[in-house]
file target_0.cif (mmCIF, N, CA and C atoms)
data_structure
#
loop_
_atom_site.label_atom_id
_atom_site.label_comp_id
_atom_site.auth_asym_id
_atom_site.auth_seq_id
_atom_site.Cartn_x
_atom_site.Cartn_y
_atom_site.Cartn_z
N MET W 158 0.81 -1.19 0.00
CA MET W 158 0.00 0.00 0.00
C MET W 158 0.85 1.25 0.00
N THR W 159 1.99 1.18 0.57
CA THR W 159 2.85 2.33 0.62
C THR W 159 3.24 2.74 -0.79
N ASN W 160 3.51 1.78 -1.64
CA ASN W 160 3.85 2.08 -3.02
C ASN W 160 2.73 2.79 -3.74
N THR W 161 1.51 2.34 -3.55
CA THR W 161 0.35 2.92 -4.21
C THR W 161 0.16 4.37 -3.76
N LYS W 162 0.31 4.59 -2.46
CA LYS W 162 0.12 5.93 -1.93
C LYS W 162 1.18 6.90 -2.47
N SER W 163 2.42 6.50 -2.49
CA SER W 163 3.47 7.39 -2.97
C SER W 163 3.32 7.65 -4.46
N THR W 164 2.82 6.65 -5.21
CA THR W 164 2.60 6.84 -6.64
C THR W 164 1.49 7.85 -6.87
N SER W 165 0.40 7.74 -6.11
CA SER W 165 -0.70 8.69 -6.28
C SER W 165 -0.28 10.09 -5.82
N ASP W 166 0.55 10.19 -4.78
CA ASP W 166 1.06 11.49 -4.34
C ASP W 166 1.91 12.14 -5.43
N SER W 167 2.76 11.36 -6.07
CA SER W 167 3.63 11.91 -7.10
C SER W 167 2.82 12.33 -8.32
N GLN W 168 1.73 11.58 -8.63
CA GLN W 168 0.88 11.96 -9.76
C GLN W 168 0.18 13.29 -9.47
N GLU W 169 -0.28 13.45 -8.23
CA GLU W 169 -0.96 14.69 -7.85
C GLU W 169 0.00 15.87 -7.95
N SER W 170 1.23 15.68 -7.49
CA SER W 170 2.19 16.78 -7.54
C SER W 170 2.55 17.13 -8.98
N GLN W 171 2.61 16.13 -9.86
CA GLN W 171 2.89 16.39 -11.26
C GLN W 171 1.73 17.16 -11.90
N GLN W 172 0.49 16.77 -11.56
CA GLN W 172 -0.67 17.45 -12.12
C GLN W 172 -0.73 18.90 -11.65
N SER W 173 -0.43 19.14 -10.38
CA SER W 173 -0.48 20.51 -9.88
C SER W 173 0.64 21.35 -10.48
N SER W 174 1.78 20.74 -10.79
CA SER W 174 2.87 21.51 -11.38
C SER W 174 2.61 21.82 -12.84
N ARG W 175 1.68 21.12 -13.48
CA ARG W 175 1.36 21.36 -14.88
C ARG W 175 0.44 22.58 -15.05
N LYS W 176 -0.21 23.01 -13.99
CA LYS W 176 -1.11 24.14 -14.08
C LYS W 176 -0.30 25.38 -14.42
N PRO W 177 -0.78 26.16 -15.40
CA PRO W 177 -0.02 27.37 -15.74
C PRO W 177 -0.08 28.38 -14.60
N GLN W 178 1.07 28.91 -14.26
CA GLN W 178 1.14 29.91 -13.21
C GLN W 178 1.71 31.19 -13.80
N LYS W 179 1.22 32.33 -13.29
CA LYS W 179 1.74 33.61 -13.76
C LYS W 179 3.12 33.82 -13.15
N SER W 180 4.06 34.08 -13.98
CA SER W 180 5.40 34.36 -13.47
C SER W 180 5.45 35.79 -12.97
N GLN W 181 6.48 36.12 -12.23
CA GLN W 181 6.64 37.47 -11.71
C GLN W 181 6.86 38.46 -12.84
N THR W 182 7.52 38.01 -13.91
CA THR W 182 7.73 38.93 -15.03
C THR W 182 6.42 39.24 -15.73
N ASP W 183 5.50 38.26 -15.82
CA ASP W 183 4.19 38.51 -16.41
C ASP W 183 3.43 39.53 -15.57
N GLN W 184 3.49 39.38 -14.25
CA GLN W 184 2.79 40.30 -13.36
C GLN W 184 3.39 41.70 -13.46
N LYS W 185 4.72 41.79 -13.55
CA LYS W 185 5.37 43.09 -13.65
C LYS W 185 5.03 43.78 -14.96
N SER W 186 5.00 43.00 -16.06
CA SER W 186 4.72 43.62 -17.35
C SER W 186 3.28 44.11 -17.41
N GLN W 187 2.35 43.40 -16.76
CA GLN W 187 0.96 43.86 -16.73
C GLN W 187 0.85 45.14 -15.91
N SER W 188 1.52 45.19 -14.77
CA SER W 188 1.43 46.39 -13.93
C SER W 188 2.15 47.56 -14.56
N SER W 189 3.22 47.31 -15.34
CA SER W 189 3.93 48.41 -15.97
C SER W 189 3.15 48.98 -17.15
N GLN W 190 2.24 48.20 -17.70
CA GLN W 190 1.42 48.69 -18.81
C GLN W 190 0.36 49.66 -18.31
N GLU W 191 -0.09 49.48 -17.09
CA GLU W 191 -1.11 50.35 -16.53
C GLU W 191 -0.43 51.54 -15.86
N PRO W 192 -0.84 52.78 -16.20
CA PRO W 192 -0.23 53.94 -15.54
C PRO W 192 -0.65 54.00 -14.07
N HIS W 193 0.22 54.57 -13.25
CA HIS W 193 -0.09 54.73 -11.83
C HIS W 193 -1.22 55.74 -11.68
N ARG W 194 -2.29 55.35 -11.02
CA ARG W 194 -3.41 56.25 -10.80
C ARG W 194 -3.40 56.66 -9.33
N PRO W 195 -2.94 57.88 -9.06
CA PRO W 195 -2.86 58.30 -7.66
C PRO W 195 -4.22 58.53 -7.05
N LYS W 196 -4.28 58.37 -5.74
CA LYS W 196 -5.51 58.64 -5.00
C LYS W 196 -5.68 60.16 -4.88
N PRO W 197 -6.92 60.62 -4.71
CA PRO W 197 -7.16 62.07 -4.61
C PRO W 197 -6.29 62.78 -3.57
N MET W 198 -6.10 62.21 -2.40
CA MET W 198 -5.27 62.87 -1.39
C MET W 198 -3.81 62.96 -1.83
N GLU W 199 -3.34 61.95 -2.56
CA GLU W 199 -1.98 62.01 -3.09
C GLU W 199 -1.86 63.16 -4.10
N VAL W 200 -2.89 63.32 -4.92
CA VAL W 200 -2.90 64.40 -5.91
C VAL W 200 -2.85 65.75 -5.22
N LEU W 201 -3.67 65.93 -4.18
CA LEU W 201 -3.70 67.20 -3.44
C LEU W 201 -2.34 67.53 -2.84
N ARG W 202 -1.75 66.57 -2.17
CA ARG W 202 -0.45 66.79 -1.54
C ARG W 202 0.63 67.12 -2.57
N GLU W 203 0.65 66.35 -3.67
CA GLU W 203 1.65 66.57 -4.71
C GLU W 203 1.46 67.91 -5.40
N ALA W 204 0.23 68.30 -5.64
CA ALA W 204 -0.04 69.58 -6.30
C ALA W 204 0.47 70.73 -5.44
N ARG W 205 0.17 70.69 -4.15
CA ARG W 205 0.64 71.75 -3.24
C ARG W 205 2.16 71.80 -3.21
N ALA W 206 2.78 70.63 -3.12
CA ALA W 206 4.24 70.58 -3.04
C ALA W 206 4.89 71.07 -4.34
N GLN W 207 4.36 70.65 -5.48
CA GLN W 207 4.93 71.05 -6.76
C GLN W 207 4.76 72.55 -6.99
N LEU W 208 3.58 73.10 -6.66
CA LEU W 208 3.35 74.53 -6.83
C LEU W 208 4.27 75.34 -5.93
N ALA W 209 4.42 74.91 -4.68
CA ALA W 209 5.31 75.60 -3.74
C ALA W 209 6.75 75.57 -4.24
N GLU W 210 7.17 74.45 -4.80
CA GLU W 210 8.54 74.33 -5.31
C GLU W 210 8.76 75.26 -6.51
N LEU W 211 7.78 75.35 -7.39
CA LEU W 211 7.92 76.18 -8.58
C LEU W 211 7.85 77.68 -8.29
N THR W 212 6.95 78.07 -7.38
CA THR W 212 6.74 79.50 -7.12
C THR W 212 7.54 80.02 -5.95
N GLY W 213 7.95 79.14 -5.05
CA GLY W 213 8.65 79.56 -3.85
C GLY W 213 7.71 80.13 -2.80
N MET W 214 6.40 79.96 -3.01
CA MET W 214 5.40 80.47 -2.07
C MET W 214 4.68 79.31 -1.38
N THR W 215 4.19 79.59 -0.18
CA THR W 215 3.52 78.56 0.61
C THR W 215 2.10 78.33 0.12
N ALA W 216 1.81 77.10 -0.26
CA ALA W 216 0.45 76.71 -0.63
C ALA W 216 -0.30 76.38 0.67
N GLU W 217 -1.29 77.20 1.01
CA GLU W 217 -1.96 77.04 2.30
C GLU W 217 -3.14 76.09 2.27
N SER W 218 -3.92 76.11 1.19
CA SER W 218 -5.08 75.23 1.13
C SER W 218 -5.52 75.02 -0.31
N VAL W 219 -6.38 74.03 -0.49
CA VAL W 219 -6.98 73.76 -1.80
C VAL W 219 -8.46 74.09 -1.68
N SER W 220 -8.92 75.07 -2.47
CA SER W 220 -10.31 75.50 -2.34
C SER W 220 -11.23 74.85 -3.37
N SER W 221 -10.66 74.22 -4.40
CA SER W 221 -11.49 73.47 -5.34
C SER W 221 -10.65 72.37 -5.96
N PHE W 222 -11.32 71.27 -6.30
CA PHE W 222 -10.62 70.07 -6.75
C PHE W 222 -11.58 69.24 -7.59
N GLU W 223 -11.17 68.89 -8.82
CA GLU W 223 -12.04 68.04 -9.64
C GLU W 223 -11.24 67.23 -10.64
N ARG W 224 -11.81 66.10 -11.03
CA ARG W 224 -11.23 65.22 -12.04
C ARG W 224 -11.66 65.75 -13.40
N THR W 225 -10.74 65.80 -14.36
CA THR W 225 -11.05 66.24 -15.71
C THR W 225 -10.67 65.14 -16.70
N GLU W 226 -10.98 65.35 -17.97
CA GLU W 226 -10.60 64.37 -18.98
C GLU W 226 -9.08 64.24 -19.10
N GLU W 227 -8.38 65.36 -18.90
CA GLU W 227 -6.92 65.36 -19.03
C GLU W 227 -6.21 64.95 -17.75
N GLY W 228 -6.89 65.01 -16.61
CA GLY W 228 -6.25 64.70 -15.34
C GLY W 228 -7.00 65.31 -14.17
N TRP W 229 -6.44 66.38 -13.59
CA TRP W 229 -7.01 67.02 -12.42
C TRP W 229 -6.94 68.53 -12.55
N ALA W 230 -7.92 69.24 -11.97
CA ALA W 230 -7.90 70.70 -11.93
C ALA W 230 -8.14 71.11 -10.48
N LEU W 231 -7.30 72.00 -9.97
CA LEU W 231 -7.40 72.46 -8.59
C LEU W 231 -7.31 73.97 -8.54
N GLU W 232 -7.85 74.54 -7.47
CA GLU W 232 -7.60 75.94 -7.16
C GLU W 232 -6.93 75.96 -5.80
N VAL W 233 -5.73 76.51 -5.76
CA VAL W 233 -4.90 76.48 -4.55
C VAL W 233 -4.73 77.90 -4.03
N GLU W 234 -4.92 78.06 -2.72
CA GLU W 234 -4.74 79.35 -2.07
C GLU W 234 -3.29 79.45 -1.58
N VAL W 235 -2.62 80.53 -1.97
CA VAL W 235 -1.19 80.70 -1.71
C VAL W 235 -0.95 82.01 -0.96
N LEU W 236 -0.04 81.97 0.00
CA LEU W 236 0.41 83.18 0.69
C LEU W 236 1.47 83.85 -0.18
N GLU W 237 1.13 85.01 -0.77
CA GLU W 237 2.08 85.69 -1.65
C GLU W 237 2.96 86.69 -0.92
N LEU W 238 2.38 87.40 0.05
CA LEU W 238 3.15 88.40 0.77
C LEU W 238 2.67 88.46 2.21
N GLU W 239 3.55 88.10 3.13
CA GLU W 239 3.18 88.09 4.55
C GLU W 239 3.32 89.49 5.13
N ARG W 240 2.27 89.94 5.82
CA ARG W 240 2.27 91.26 6.45
C ARG W 240 1.81 91.15 7.89
N VAL W 241 2.06 92.23 8.64
CA VAL W 241 1.59 92.33 10.02
C VAL W 241 0.61 93.49 10.07
N PRO W 242 -0.58 93.29 10.57
CA PRO W 242 -1.15 92.05 11.09
C PRO W 242 -1.43 91.05 9.95
N ASP W 243 -1.60 89.80 10.34
CA ASP W 243 -1.79 88.71 9.39
C ASP W 243 -2.98 88.93 8.46
N THR W 244 -4.00 89.64 8.93
CA THR W 244 -5.18 89.88 8.10
C THR W 244 -4.88 90.77 6.90
N MET W 245 -3.73 91.42 6.89
CA MET W 245 -3.34 92.27 5.77
C MET W 245 -2.41 91.54 4.78
N SER W 246 -2.09 90.30 5.06
CA SER W 246 -1.24 89.52 4.15
C SER W 246 -1.93 89.36 2.80
N LEU W 247 -1.13 89.33 1.74
CA LEU W 247 -1.69 89.14 0.40
C LEU W 247 -1.74 87.66 0.05
N MET W 248 -2.91 87.23 -0.35
CA MET W 248 -3.16 85.86 -0.75
C MET W 248 -3.45 85.84 -2.24
N ALA W 249 -3.37 84.67 -2.85
CA ALA W 249 -3.71 84.51 -4.25
C ALA W 249 -4.31 83.13 -4.48
N SER W 250 -5.21 83.06 -5.43
CA SER W 250 -5.77 81.78 -5.87
C SER W 250 -5.09 81.40 -7.19
N TYR W 251 -4.55 80.20 -7.23
CA TYR W 251 -3.91 79.70 -8.45
C TYR W 251 -4.71 78.53 -9.00
N GLN W 252 -4.97 78.58 -10.29
CA GLN W 252 -5.59 77.45 -10.96
C GLN W 252 -4.45 76.52 -11.38
N VAL W 253 -4.52 75.28 -10.95
CA VAL W 253 -3.44 74.32 -11.17
C VAL W 253 -3.99 73.14 -11.95
N GLU W 254 -3.26 72.72 -12.98
CA GLU W 254 -3.67 71.57 -13.78
C GLU W 254 -2.61 70.48 -13.66
N LEU W 255 -3.10 69.23 -13.52
CA LEU W 255 -2.20 68.09 -13.40
C LEU W 255 -2.64 67.01 -14.37
N ASP W 256 -1.69 66.18 -14.78
CA ASP W 256 -2.04 65.06 -15.67
C ASP W 256 -2.60 63.91 -14.85
N ASP W 257 -2.92 62.80 -15.52
CA ASP W 257 -3.52 61.63 -14.85
C ASP W 257 -2.64 61.07 -13.74
N GLU W 258 -1.35 61.23 -13.86
CA GLU W 258 -0.42 60.68 -12.87
C GLU W 258 -0.14 61.64 -11.73
N GLY W 259 -0.75 62.84 -11.77
CA GLY W 259 -0.57 63.80 -10.69
C GLY W 259 0.60 64.75 -10.87
N GLN W 260 1.17 64.81 -12.08
CA GLN W 260 2.28 65.72 -12.34
C GLN W 260 1.74 67.06 -12.84
N LEU W 261 2.24 68.14 -12.27
CA LEU W 261 1.79 69.47 -12.61
C LEU W 261 2.12 69.77 -14.08
N THR W 262 1.10 70.21 -14.82
CA THR W 262 1.30 70.54 -16.24
C THR W 262 1.14 72.03 -16.49
N GLY W 263 0.55 72.76 -15.54
CA GLY W 263 0.41 74.20 -15.71
C GLY W 263 -0.27 74.84 -14.52
N TYR W 264 -0.04 76.15 -14.36
CA TYR W 264 -0.71 76.91 -13.31
C TYR W 264 -0.80 78.36 -13.72
N ARG W 265 -1.76 79.08 -13.14
CA ARG W 265 -1.87 80.52 -13.36
C ARG W 265 -2.61 81.16 -12.20
N ARG W 266 -2.24 82.39 -11.90
CA ARG W 266 -2.92 83.11 -10.82
C ARG W 266 -4.22 83.66 -11.38
N VAL W 267 -5.31 83.41 -10.66
CA VAL W 267 -6.63 83.86 -11.12
C VAL W 267 -7.22 84.95 -10.23
N ARG W 268 -6.62 85.16 -9.04
CA ARG W 268 -7.17 86.15 -8.12
C ARG W 268 -6.12 86.50 -7.07
N ARG W 269 -6.12 87.76 -6.65
CA ARG W 269 -5.23 88.20 -5.57
C ARG W 269 -6.08 89.01 -4.60
N TYR W 270 -5.86 88.81 -3.29
CA TYR W 270 -6.71 89.47 -2.29
C TYR W 270 -6.00 89.53 -0.94
N GLU W 271 -6.52 90.40 -0.06
CA GLU W 271 -6.00 90.46 1.31
C GLU W 271 -6.66 89.35 2.10
N ARG W 272 -5.88 88.73 2.98
CA ARG W 272 -6.38 87.58 3.74
C ARG W 272 -7.66 87.91 4.52
N GLY W 273 -7.73 89.08 5.12
CA GLY W 273 -8.88 89.42 5.96
C GLY W 273 -10.10 89.93 5.22
N ARG W 274 -10.04 89.99 3.90
CA ARG W 274 -11.14 90.54 3.13
C ARG W 274 -11.97 89.44 2.49
N ALA W 275 -13.29 89.51 2.70
CA ALA W 275 -14.19 88.52 2.14
C ALA W 275 -14.57 88.93 0.70
N ASP W 276 -14.94 87.94 -0.10
CA ASP W 276 -15.43 88.22 -1.45
C ASP W 276 -16.73 89.00 -1.36
N SER W 277 -16.91 89.94 -2.27
CA SER W 277 -18.19 90.66 -2.31
C SER W 277 -19.23 89.77 -3.00
N ARG W 278 -20.47 89.97 -2.68
CA ARG W 278 -21.53 89.17 -3.30
C ARG W 278 -21.58 89.44 -4.78
N GLY W 279 -21.92 88.42 -5.52
CA GLY W 279 -22.04 88.56 -6.96
C GLY W 279 -20.76 88.33 -7.72
N SER W 280 -19.63 88.38 -7.07
CA SER W 280 -18.39 88.09 -7.79
C SER W 280 -18.15 86.61 -7.75
N ARG W 281 -17.64 86.12 -8.85
CA ARG W 281 -17.33 84.70 -9.04
C ARG W 281 -18.57 83.89 -8.99
#

call {"tool": "encode", "arguments": {"input": "target_0.cif", "output": "structure tokens"}}
result
Amino acid sequence: MTNTKSTSDSQESQQSSRKPQKSQTDQKSQSSQEPHRPKPMEVLREARAQLAELTGMTAESVSSFERTEEGWALEVEVLELERVPDTMSLMASYQVELDDEGQLTGYRRVRRYERGRADSRGSR
């Protein structure tokens, strides 16, 4: 009986080894074909960091954020000129565009204002 059991065990192991398995190179090539799709929070963090690096100004917050056909569109609030008191500091809104992978493709200033001043009704 021992012979029969070992023979059936070896047949089972041969059958299981015949099953096609995905190699690591197959898995890597599939993942390399798909572009990295960052999560929204990753996009926000990267956009702020990239804008700050390019302009040399502190990106304080993101006031608008949306997915577009080309990637992402954000409006980022930036401290342009620090003054005392803080309510007199000059702020700016920058429209920032990023590609699907979260890389900044363009930006422009769309508004400049004093930190302590609210928008008037009817504007924007």

call {"tool": "closest_residue", "arguments": {"input": "target_0.cif", "among": "W:Glu258, W:Glu210, W:Glu271, W:Asp276", "to": "Pro242 (chain W)", "atoms": "only C-alpha atoms"}}
result
W:Glu271

call {"tool": "resolve_selection", "arguments": {"input": "target_0.cif", "expression": "the PyMOL selection byres (((chain W and resi 222-232 and name CA) around 12) and name CA)", "output": "count of residues only"}}
result
42

call {"tool": "atom_distance", "arguments": {"input": "target_0.cif", "atom1": "atom C of Glu239 (chain W)", "atom2": "atom N of Arg272 (chain W)"}}
result
9.5 Å

call {"tool": "atom_distance", "arguments": {"input": "target_0.cif", "atom1": "CA of Thr215 (chain W)", "atom2": "CA of Gly273 (chain W)"}}
result
17.3 Å

call {"tool": "atom_distance", "arguments": {"input": "target_0.cif", "atom1": "CA of Thr244 (chain W)", "atom2": "CA of Gln207 (chain W)"}}
result
26.0 Å

call {"tool": "select_by_dssp", "arguments": {"input": "target_0.cif", "residues": "region 209-280 of chain W", "states": "alpha helix (DSSP H)", "output": "ChimeraX atom specification"}}
result
/W:209-212

call {"tool": "closest_residue", "arguments": {"input": "target_0.cif", "among": "W:Ser246, W:Glu237, W:Arg269, W:Arg274", "to": "Met214 (chain W)", "atoms": "only N, CA and C atoms"}}
result
W:Glu237

call {"tool": "axis_aligned_box", "arguments": {"input": "target_0.cif", "around": "region 198-211 of chain W", "padding_each_side": "6 Å", "output": "lines of an AutoDock Vina configuration file"}}
result
center_x = 1.3
center_y = 69.8
center_z = -5.0
size_x = 26.9
size_y = 27.7
size_z = 19.2

call {"tool": "closest_residue", "arguments": {"input": "target_0.cif", "among": "W:Leu236, W:Leu247, W:Val241, W:His193", "to": "Thr212 (chain W)", "atoms": "only C-alpha atoms"}}
result
W:Leu236
